[in-house]
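> Structure incoming, see below.
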Amino acid sequence: EEEFLVSSTRAAWHIELADAVSKDGWILGRRTLTLHDSGAYARFSPYGLTKHAFHHSGAYTIPNLRFDGFVCFTNRVPTTAMRGFGVTIGDFALESQMDRIARLLKMDPIELRMLNAYRDGDMKAHRKKAEGCALVEVMQKAAAMTGRNLPERFKKMSSLNKEGL
């Protein structure tokens, strides 16, 4: 009883992703549809949806994006953000999508991510330039620490420039 009187639940999300991808692994476009169940009141849901929209391309350069997001009022207990404000659930969905793409293309999932990772100077979905990127280097280090041997092309990649692409 106390839980329902003084607290809120984590929000339910419905996320649909559809990507246009070249045979060699370049993500050319993404369409995202998001439905966010806020329960009976909005609370932080509009803010969470905004954060979700800003991050729907993840850490990847995707030149063509469409995002349709909706805060839906239902007859449930009001929901609220719990660590991440819409970013963590979106990241889970898009990284799961990256794994699906890699399987369909029969491509190494790390190589797919490195290919599409932000480089310094790339334009993000919300029209801000990417700065201080390190995803390529982090994945190179993770591969080395786990004994995964990346092809030479991927070992030479950098977040500072487009070399190796």
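FYI, nothing fancy with the structure tokens labels: chains A, B, ... in order, residues from 1 per chain, ligands from 1 as they appear.
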Find the residues around A:Ser57 up to 12 Å (only C-alpha atoms counted), leave out those fewer than 6 positions away in its own chain, and share them as a VMD selection string.

chain A and resid 17 to 19 27 to 32 51 63 to 67 87 90 to 95 97 to 98 113 116 to 118 123 to 126

> Extract, using only C-alpha atoms, all DNA, RNA and protein residues at most 8 Å from A:Trp26, discarding same-chain residues fewer than 5 positions from it, and format them as a PyMOL selection string.

chain A and resi 21+112+115-116

> Could you write out that same residue set with all heavy atoms as a PDB file, in the first residue's frame?


ATOM      1  N   VAL A  21      20.541  -0.207 -44.141  1.00  0.00           N
ATOM      2  CA  VAL A  21      21.944  -0.568 -43.959  1.00  0.00           C
ATOM      3  C   VAL A  21      22.501  -1.094 -45.277  1.00  0.00           C
ATOM      4  O   VAL A  21      21.862  -1.895 -45.960  1.00  0.00           O
ATOM      5  CB  VAL A  21      22.101  -1.662 -42.865  1.00  0.00           C
ATOM      6  CG1 VAL A  21      23.557  -1.985 -42.613  1.00  0.00           C
ATOM      7  CG2 VAL A  21      21.415  -1.238 -41.578  1.00  0.00           C
ATOM      8  N   LEU A 112      31.141  -3.774 -36.867  1.00  0.00           N
ATOM      9  CA  LEU A 112      29.996  -2.958 -37.277  1.00  0.00           C
ATOM     10  C   LEU A 112      29.946  -1.675 -36.456  1.00  0.00           C
ATOM     11  O   LEU A 112      29.767  -0.581 -36.999  1.00  0.00           O
ATOM     12  CB  LEU A 112      28.685  -3.738 -37.105  1.00  0.00           C
ATOM     13  CG  LEU A 112      27.409  -2.947 -37.374  1.00  0.00           C
ATOM     14  CD1 LEU A 112      27.259  -2.633 -38.853  1.00  0.00           C
ATOM     15  CD2 LEU A 112      26.199  -3.699 -36.850  1.00  0.00           C
ATOM     16  N   LEU A 115      32.846   0.714 -37.374  1.00  0.00           N
ATOM     17  CA  LEU A 115      32.621   1.323 -38.681  1.00  0.00           C
ATOM     18  C   LEU A 115      31.720   2.550 -38.573  1.00  0.00           C
ATOM     19  O   LEU A 115      31.961   3.582 -39.190  1.00  0.00           O
ATOM     20  CB  LEU A 115      31.998   0.280 -39.617  1.00  0.00           C
ATOM     21  CG  LEU A 115      31.836   0.629 -41.080  1.00  0.00           C
ATOM     22  CD1 LEU A 115      33.204   0.802 -41.734  1.00  0.00           C
ATOM     23  CD2 LEU A 115      31.064  -0.477 -41.787  1.00  0.00           C
ATOM     24  N   ASN A 116      30.672   2.437 -37.765  1.00  0.00           N
ATOM     25  CA  ASN A 116      29.662   3.490 -37.670  1.00  0.00           C
ATOM     26  C   ASN A 116      29.853   4.444 -36.492  1.00  0.00           C
ATOM     27  O   ASN A 116      29.080   5.385 -36.338  1.00  0.00           O
ATOM     28  CB  ASN A 116      28.274   2.846 -37.587  1.00  0.00           C
ATOM     29  CG  ASN A 116      27.877   2.196 -38.882  1.00  0.00           C
ATOM     30  OD1 ASN A 116      27.498   2.860 -39.833  1.00  0.00           O
ATOM     31  ND2 ASN A 116      28.000   0.869 -38.948  1.00  0.00           N
TER      32      ASN A 116
END

> Taking only stretch 94-142 of chain A into account, list the residues labelled alpha helix (DSSP H) by DSSP (computed from the backbone), as a list of chain:residue names.

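Selection result, alpha helix (DSSP H) within stretch 94-142 of chain A: A:Leu94, A:Glu95, A:Ser96, A:Gln97, A:Met98, A:Asp99, A:Arg100, A:Ile101, A:Ala102, A:Arg103, A:Leu104, A:Leu105, A:Pro109, A:Ile110, A:Glu111, A:Leu112, A:Arg113, A:Met114, A:Leu115, A:Asn116, A:Leu135, A:Val136, A:Glu137, A:Val138, A:Met139, A:Gln140, A:Lys141, A:Ala142.
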
> How about saving the chosen residues, N, CA and C atoms kept, as a PDB file, in the first residue's frame?


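What follows is the written file part37.pdb:
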ATOM      1  N   LEU A  94      18.758   0.125 -29.068  1.00  0.00           N
ATOM      2  CA  LEU A  94      19.588   0.354 -30.261  1.00  0.00           C
ATOM      3  C   LEU A  94      20.803  -0.564 -30.297  1.00  0.00           C
ATOM      4  N   GLU A  95      21.364  -0.927 -29.145  1.00  0.00           N
ATOM      5  CA  GLU A  95      22.491  -1.866 -29.162  1.00  0.00           C
ATOM      6  C   GLU A  95      22.018  -3.286 -29.506  1.00  0.00           C
ATOM      7  N   SER A  96      20.798  -3.625 -29.094  1.00  0.00           N
ATOM      8  CA  SER A  96      20.214  -4.903 -29.527  1.00  0.00           C
ATOM      9  C   SER A  96      20.016  -4.897 -31.036  1.00  0.00           C
ATOM     10  N   GLN A  97      19.600  -3.745 -31.568  1.00  0.00           N
ATOM     11  CA  GLN A  97      19.434  -3.590 -33.013  1.00  0.00           C
ATOM     12  C   GLN A  97      20.781  -3.757 -33.728  1.00  0.00           C
ATOM     13  N   MET A  98      21.839  -3.191 -33.164  1.00  0.00           N
ATOM     14  CA  MET A  98      23.172  -3.330 -33.767  1.00  0.00           C
ATOM     15  C   MET A  98      23.574  -4.805 -33.840  1.00  0.00           C
ATOM     16  N   ASP A  99      23.286  -5.549 -32.787  1.00  0.00           N
ATOM     17  CA  ASP A  99      23.592  -6.986 -32.801  1.00  0.00           C
ATOM     18  C   ASP A  99      22.788  -7.710 -33.882  1.00  0.00           C
ATOM     19  N   ARG A 100      21.508  -7.342 -34.039  1.00  0.00           N
ATOM     20  CA  ARG A 100      20.674  -7.953 -35.087  1.00  0.00           C
ATOM     21  C   ARG A 100      21.236  -7.661 -36.475  1.00  0.00           C
ATOM     22  N   ILE A 101      21.630  -6.424 -36.700  1.00  0.00           N
ATOM     23  CA  ILE A 101      22.193  -6.038 -37.995  1.00  0.00           C
ATOM     24  C   ILE A 101      23.448  -6.858 -38.277  1.00  0.00           C
ATOM     25  N   ALA A 102      24.325  -6.963 -37.285  1.00  0.00           N
ATOM     26  CA  ALA A 102      25.567  -7.724 -37.465  1.00  0.00           C
ATOM     27  C   ALA A 102      25.266  -9.177 -37.826  1.00  0.00           C
ATOM     28  N   ARG A 103      24.289  -9.780 -37.146  1.00  0.00           N
ATOM     29  CA  ARG A 103      23.924 -11.173 -37.465  1.00  0.00           C
ATOM     30  C   ARG A 103      23.398 -11.288 -38.889  1.00  0.00           C
ATOM     31  N   LEU A 104      22.527 -10.371 -39.298  1.00  0.00           N
ATOM     32  CA  LEU A 104      21.967 -10.415 -40.648  1.00  0.00           C
ATOM     33  C   LEU A 104      23.043 -10.262 -41.722  1.00  0.00           C
ATOM     34  N   LEU A 105      24.029  -9.418 -41.456  1.00  0.00           N
ATOM     35  CA  LEU A 105      25.102  -9.184 -42.420  1.00  0.00           C
ATOM     36  C   LEU A 105      26.251 -10.185 -42.284  1.00  0.00           C
ATOM     37  N   PRO A 109      30.103  -7.976 -34.663  1.00  0.00           N
ATOM     38  CA  PRO A 109      29.380  -6.846 -34.061  1.00  0.00           C
ATOM     39  C   PRO A 109      30.300  -5.694 -33.639  1.00  0.00           C
ATOM     40  N   ILE A 110      31.518  -6.002 -33.230  1.00  0.00           N
ATOM     41  CA  ILE A 110      32.461  -4.934 -32.871  1.00  0.00           C
ATOM     42  C   ILE A 110      32.868  -4.168 -34.115  1.00  0.00           C
ATOM     43  N   GLU A 111      33.125  -4.866 -35.200  1.00  0.00           N
ATOM     44  CA  GLU A 111      33.516  -4.196 -36.444  1.00  0.00           C
ATOM     45  C   GLU A 111      32.386  -3.311 -36.970  1.00  0.00           C
ATOM     46  N   LEU A 112      31.141  -3.774 -36.867  1.00  0.00           N
ATOM     47  CA  LEU A 112      29.996  -2.958 -37.277  1.00  0.00           C
ATOM     48  C   LEU A 112      29.946  -1.675 -36.456  1.00  0.00           C
ATOM     49  N   ARG A 113      30.133  -1.795 -35.157  1.00  0.00           N
ATOM     50  CA  ARG A 113      30.093  -0.628 -34.282  1.00  0.00           C
ATOM     51  C   ARG A 113      31.253   0.324 -34.577  1.00  0.00           C
ATOM     52  N   MET A 114      32.437  -0.219 -34.808  1.00  0.00           N
ATOM     53  CA  MET A 114      33.594   0.632 -35.096  1.00  0.00           C
ATOM     54  C   MET A 114      33.416   1.374 -36.414  1.00  0.00           C
ATOM     55  N   LEU A 115      32.846   0.714 -37.374  1.00  0.00           N
ATOM     56  CA  LEU A 115      32.621   1.323 -38.681  1.00  0.00           C
ATOM     57  C   LEU A 115      31.720   2.550 -38.573  1.00  0.00           C
ATOM     58  N   ASN A 116      30.672   2.437 -37.765  1.00  0.00           N
ATOM     59  CA  ASN A 116      29.662   3.490 -37.670  1.00  0.00           C
ATOM     60  C   ASN A 116      29.853   4.444 -36.492  1.00  0.00           C
ATOM     61  N   LEU A 135      34.961   5.922 -28.669  1.00  0.00           N
ATOM     62  CA  LEU A 135      34.354   4.602 -28.825  1.00  0.00           C
ATOM     63  C   LEU A 135      35.253   3.639 -29.582  1.00  0.00           C
ATOM     64  N   VAL A 136      35.894   4.113 -30.636  1.00  0.00           N
ATOM     65  CA  VAL A 136      36.771   3.240 -31.427  1.00  0.00           C
ATOM     66  C   VAL A 136      37.905   2.713 -30.541  1.00  0.00           C
ATOM     67  N   GLU A 137      38.535   3.600 -29.796  1.00  0.00           N
ATOM     68  CA  GLU A 137      39.654   3.195 -28.941  1.00  0.00           C
ATOM     69  C   GLU A 137      39.202   2.268 -27.810  1.00  0.00           C
ATOM     70  N   VAL A 138      38.039   2.528 -27.258  1.00  0.00           N
ATOM     71  CA  VAL A 138      37.503   1.656 -26.197  1.00  0.00           C
ATOM     72  C   VAL A 138      37.266   0.253 -26.740  1.00  0.00           C
ATOM     73  N   MET A 139      36.686   0.153 -27.939  1.00  0.00           N
ATOM     74  CA  MET A 139      36.428  -1.168 -28.522  1.00  0.00           C
ATOM     75  C   MET A 139      37.731  -1.869 -28.900  1.00  0.00           C
ATOM     76  N   GLN A 140      38.720  -1.121 -29.361  1.00  0.00           N
ATOM     77  CA  GLN A 140      40.029  -1.726 -29.651  1.00  0.00           C
ATOM     78  C   GLN A 140      40.640  -2.302 -28.381  1.00  0.00           C
ATOM     79  N   LYS A 141      40.561  -1.544 -27.291  1.00  0.00           N
ATOM     80  CA  LYS A 141      41.111  -1.999 -26.012  1.00  0.00           C
ATOM     81  C   LYS A 141      40.336  -3.217 -25.496  1.00  0.00           C
ATOM     82  N   ALA A 142      39.012  -3.180 -25.605  1.00  0.00           N
ATOM     83  CA  ALA A 142      38.189  -4.313 -25.154  1.00  0.00           C
ATOM     84  C   ALA A 142      38.520  -5.562 -25.960  1.00  0.00           C
TER      85      ALA A 142
END

> Run DSSP on the backbone and give me the residues of stretch 40-162 of chain A it puts in strand (DSSP E or B), as a VMD selection string.

chain A and resid 60 64 to 73 79 to 80 117 123 129

> Rank nothing, just name the residue among A:Glu2, A:Arg127, A:Asp108, A:Thr34 nearest to A:Leu150, using only C-alpha atoms.

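Selected residue with least distance to A:Leu150: A:Asp108.
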
> Measuring between only C-alpha atoms, which one of A:Pro151, A:Pro46, A:Gly121, A:Gly69 shows the shortest distance to A:Leu33?

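Answer, going by the shortest atom-to-atom distance: A:Gly69.
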
> Residues at most 8 Å from A:Ala12, counting only C-alpha atoms, excluding those fewer than 2 positions away in the same chain, as a PDB file with N, CA and C atoms, in the first residue's frame?


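The result, written out as part-v2.pdb:
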ATOM      1  N   ARG A  10       8.675   2.448 -12.563  1.00  0.00           N
ATOM      2  CA  ARG A  10       9.462   2.695 -13.770  1.00  0.00           C
ATOM      3  C   ARG A  10       8.515   2.657 -14.963  1.00  0.00           C
ATOM      4  N   HIS A  14       7.649   1.281 -25.422  1.00  0.00           N
ATOM      5  CA  HIS A  14       7.536   0.468 -26.638  1.00  0.00           C
ATOM      6  C   HIS A  14       8.403   1.171 -27.668  1.00  0.00           C
ATOM      7  N   HIS A  36       5.838   5.975 -24.782  1.00  0.00           N
ATOM      8  CA  HIS A  36       6.254   6.000 -23.380  1.00  0.00           C
ATOM      9  C   HIS A  36       5.009   6.067 -22.500  1.00  0.00           C
ATOM     10  N   ASP A  37       4.793   5.050 -21.686  1.00  0.00           N
ATOM     11  CA  ASP A  37       3.636   4.982 -20.795  1.00  0.00           C
ATOM     12  C   ASP A  37       3.937   5.789 -19.536  1.00  0.00           C
ATOM     13  N   SER A  38       3.304   6.952 -19.410  1.00  0.00           N
ATOM     14  CA  SER A  38       3.571   7.790 -18.241  1.00  0.00           C
ATOM     15  C   SER A  38       2.578   7.552 -17.109  1.00  0.00           C
TER      16      SER A  38
END

> Between A:Lys23, A:Phe54, A:Ile15, A:Arg148, which one has atoms that come closest to A:Lys106, using only C-alpha atoms?

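Residue with the minimum atom-to-atom distance to A:Lys106: A:Lys23.
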
> Excluding A:Ala11 and any residue of its chain fewer than 2 positions from it, enumerate the residues within 12 Å of it, using only C-alpha atoms, and give them as a PyMOL selection string.

chain A and resi 8-9+13-14+35-46+48-49+71-74+76-86+88-89

> Could the residues in this selection be written to a file with N, CA, C and O atoms, as a short mmCIF file (atom, residue, chain, number, x, y, z; two decimals), in the first residue's frame?


data_model
loop_
_atom_site.label_atom_id
_atom_site.label_comp_id
_atom_site.auth_asym_id
_atom_site.auth_seq_id
_atom_site.Cartn_x
_atom_site.Cartn_y
_atom_site.Cartn_z
N SER A 8 6.59 6.01 -7.26
CA SER A 8 6.18 5.82 -8.65
C SER A 8 6.88 4.59 -9.20
O SER A 8 7.89 4.14 -8.67
N THR A 9 6.37 4.10 -10.30
CA THR A 9 6.97 2.92 -10.93
C THR A 9 7.84 3.36 -12.11
O THR A 9 7.73 4.48 -12.59
N TRP A 13 8.11 1.23 -21.92
CA TRP A 13 8.41 1.83 -23.23
C TRP A 13 8.13 0.80 -24.31
O TRP A 13 8.39 -0.39 -24.12
N HIS A 14 7.65 1.28 -25.42
CA HIS A 14 7.54 0.47 -26.64
C HIS A 14 8.40 1.17 -27.67
O HIS A 14 8.18 2.34 -27.98
N LEU A 35 6.81 4.81 -27.82
CA LEU A 35 5.63 5.08 -27.01
C LEU A 35 6.05 4.93 -25.55
O LEU A 35 6.55 3.88 -25.15
N HIS A 36 5.84 5.97 -24.78
CA HIS A 36 6.25 6.00 -23.38
C HIS A 36 5.01 6.07 -22.50
O HIS A 36 4.24 7.02 -22.58
N ASP A 37 4.79 5.05 -21.69
CA ASP A 37 3.64 4.98 -20.79
C ASP A 37 3.94 5.79 -19.54
O ASP A 37 4.73 5.38 -18.70
N SER A 38 3.30 6.95 -19.41
CA SER A 38 3.57 7.79 -18.24
C SER A 38 2.58 7.55 -17.11
O SER A 38 2.68 8.17 -16.06
N GLY A 39 1.62 6.66 -17.32
CA GLY A 39 0.59 6.49 -16.30
C GLY A 39 -0.39 7.64 -16.36
O GLY A 39 -0.61 8.24 -17.40
N ALA A 40 -0.95 7.99 -15.21
CA ALA A 40 -2.02 8.99 -15.16
C ALA A 40 -1.54 10.43 -15.28
O ALA A 40 -2.32 11.32 -15.62
N TYR A 41 -0.25 10.70 -15.02
CA TYR A 41 0.26 12.07 -15.05
C TYR A 41 1.61 12.10 -15.77
O TYR A 41 2.32 11.10 -15.81
N ALA A 42 1.98 13.26 -16.27
CA ALA A 42 3.20 13.37 -17.06
C ALA A 42 4.47 13.29 -16.21
O ALA A 42 5.43 12.64 -16.59
N ARG A 43 4.53 13.97 -15.09
CA ARG A 43 5.73 14.07 -14.27
C ARG A 43 6.95 14.38 -15.13
O ARG A 43 6.97 15.36 -15.83
N PHE A 44 7.99 13.51 -15.10
CA PHE A 44 9.20 13.74 -15.87
C PHE A 44 9.17 13.09 -17.25
O PHE A 44 10.15 13.10 -17.97
N SER A 45 8.05 12.52 -17.64
CA SER A 45 7.98 11.79 -18.91
C SER A 45 8.33 12.61 -20.14
O SER A 45 9.09 12.15 -20.99
N PRO A 46 7.83 13.86 -20.28
CA PRO A 46 8.24 14.64 -21.46
C PRO A 46 9.75 14.88 -21.52
O PRO A 46 10.36 14.81 -22.58
N GLY A 48 12.05 12.90 -20.16
CA GLY A 48 12.65 11.60 -20.48
C GLY A 48 12.55 11.29 -21.96
O GLY A 48 13.50 10.77 -22.56
N LEU A 49 11.43 11.62 -22.56
CA LEU A 49 11.25 11.39 -24.00
C LEU A 49 12.19 12.27 -24.81
O LEU A 49 12.76 11.84 -25.81
N VAL A 71 4.38 10.52 -25.47
CA VAL A 71 4.09 10.24 -24.07
C VAL A 71 2.62 9.87 -24.02
O VAL A 71 1.76 10.66 -24.43
N CYS A 72 2.32 8.68 -23.55
CA CYS A 72 0.94 8.18 -23.54
C CYS A 72 0.41 8.14 -22.11
O CYS A 72 1.03 7.58 -21.22
N PHE A 73 -0.75 8.73 -21.92
CA PHE A 73 -1.40 8.70 -20.62
C PHE A 73 -2.28 7.46 -20.55
O PHE A 73 -3.06 7.19 -21.46
N THR A 74 -2.13 6.71 -19.46
CA THR A 74 -2.91 5.48 -19.27
C THR A 74 -3.54 5.50 -17.88
O THR A 74 -3.31 6.42 -17.09
N ARG A 76 -2.77 3.68 -15.47
CA ARG A 76 -1.83 3.06 -14.53
C ARG A 76 -1.34 4.07 -13.50
O ARG A 76 -1.53 5.27 -13.64
N VAL A 77 -0.64 3.57 -12.49
CA VAL A 77 0.01 4.43 -11.51
C VAL A 77 0.99 5.33 -12.26
O VAL A 77 1.67 4.87 -13.19
N PRO A 78 1.11 6.61 -11.91
CA PRO A 78 2.06 7.48 -12.59
C PRO A 78 3.49 6.91 -12.55
O PRO A 78 3.91 6.35 -11.54
N THR A 79 4.18 7.07 -13.65
CA THR A 79 5.55 6.57 -13.73
C THR A 79 6.53 7.74 -13.64
O THR A 79 6.15 8.90 -13.73
N THR A 80 7.79 7.41 -13.46
CA THR A 80 8.81 8.44 -13.41
C THR A 80 10.14 7.88 -13.88
O THR A 80 10.29 6.66 -14.04
N ALA A 81 11.08 8.77 -14.09
CA ALA A 81 12.41 8.35 -14.52
C ALA A 81 13.14 7.69 -13.35
O ALA A 81 13.03 8.14 -12.22
N MET A 82 13.86 6.65 -13.65
CA MET A 82 14.70 5.98 -12.65
C MET A 82 16.06 5.72 -13.28
O MET A 82 16.23 4.75 -14.01
N ARG A 83 16.96 6.60 -13.06
CA ARG A 83 18.32 6.51 -13.59
C ARG A 83 18.34 6.39 -15.10
O ARG A 83 18.11 5.33 -15.67
N GLY A 84 18.63 7.46 -15.75
CA GLY A 84 18.81 7.42 -17.19
C GLY A 84 17.84 8.25 -17.98
O GLY A 84 18.11 8.60 -19.11
N PHE A 85 16.69 8.59 -17.42
CA PHE A 85 15.72 9.46 -18.09
C PHE A 85 15.52 9.12 -19.56
O PHE A 85 15.65 9.97 -20.42
N GLY A 86 15.24 7.88 -19.88
CA GLY A 86 14.93 7.48 -21.25
C GLY A 86 16.14 7.07 -22.07
O GLY A 86 15.98 6.53 -23.15
N THR A 88 18.82 4.99 -21.03
CA THR A 88 19.24 3.59 -20.85
C THR A 88 18.35 2.63 -21.62
O THR A 88 18.86 1.70 -22.26
N ILE A 89 17.04 2.84 -21.61
CA ILE A 89 16.15 1.94 -22.34
C ILE A 89 16.37 2.09 -23.84
O ILE A 89 16.36 1.11 -24.59
#

> Residues at most 9 Å from A:Gly132, counting only C-alpha atoms, excluding those fewer than 4 positions away in the same chain, as a list in words?

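Near neighbours after the sequence-gap exclusion: Arg119, Asp120, Ser159 and Leu160 of chain A.
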
> Restricting the output to all heavy atoms, write the selected residues as a PDB file, in the first residue's frame.


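Full text of out.pdb as output:
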ATOM      1  N   ARG A 119      33.051   9.944 -34.926  1.00  0.00           N
ATOM      2  CA  ARG A 119      34.421  10.459 -34.946  1.00  0.00           C
ATOM      3  C   ARG A 119      34.331  11.929 -34.551  1.00  0.00           C
ATOM      4  O   ARG A 119      33.298  12.574 -34.750  1.00  0.00           O
ATOM      5  CB  ARG A 119      35.043  10.369 -36.334  1.00  0.00           C
ATOM      6  CG  ARG A 119      35.414   9.036 -36.976  1.00  0.00           C
ATOM      7  CD  ARG A 119      35.444   7.843 -36.128  1.00  0.00           C
ATOM      8  NE  ARG A 119      36.009   6.676 -36.779  1.00  0.00           N
ATOM      9  CZ  ARG A 119      35.326   5.567 -37.024  1.00  0.00           C
ATOM     10  NH1 ARG A 119      34.056   5.472 -36.721  1.00  0.00           N
ATOM     11  NH2 ARG A 119      35.938   4.526 -37.541  1.00  0.00           N
ATOM     12  N   ASP A 120      35.399  12.469 -33.988  1.00  0.00           N
ATOM     13  CA  ASP A 120      35.412  13.892 -33.657  1.00  0.00           C
ATOM     14  C   ASP A 120      35.034  14.707 -34.889  1.00  0.00           C
ATOM     15  O   ASP A 120      35.560  14.480 -35.976  1.00  0.00           O
ATOM     16  CB  ASP A 120      36.794  14.319 -33.158  1.00  0.00           C
ATOM     17  CG  ASP A 120      37.036  13.927 -31.701  1.00  0.00           C
ATOM     18  OD1 ASP A 120      36.163  13.284 -31.090  1.00  0.00           O
ATOM     19  OD2 ASP A 120      38.108  14.283 -31.178  1.00  0.00           O
ATOM     20  N   SER A 159      39.169   7.561 -33.395  1.00  0.00           N
ATOM     21  CA  SER A 159      38.032   8.470 -33.212  1.00  0.00           C
ATOM     22  C   SER A 159      38.386   9.889 -33.611  1.00  0.00           C
ATOM     23  O   SER A 159      37.528  10.753 -33.666  1.00  0.00           O
ATOM     24  CB  SER A 159      37.599   8.472 -31.740  1.00  0.00           C
ATOM     25  OG  SER A 159      37.059   7.219 -31.388  1.00  0.00           O
ATOM     26  N   LEU A 160      39.653  10.134 -33.904  1.00  0.00           N
ATOM     27  CA  LEU A 160      40.107  11.475 -34.256  1.00  0.00           C
ATOM     28  C   LEU A 160      39.970  11.793 -35.729  1.00  0.00           C
ATOM     29  O   LEU A 160      39.985  12.952 -36.130  1.00  0.00           O
ATOM     30  CB  LEU A 160      41.559  11.673 -33.827  1.00  0.00           C
ATOM     31  CG  LEU A 160      41.825  11.522 -32.330  1.00  0.00           C
ATOM     32  CD1 LEU A 160      43.320  11.622 -32.047  1.00  0.00           C
ATOM     33  CD2 LEU A 160      41.038  12.541 -31.539  1.00  0.00           C
TER      34      LEU A 160
END
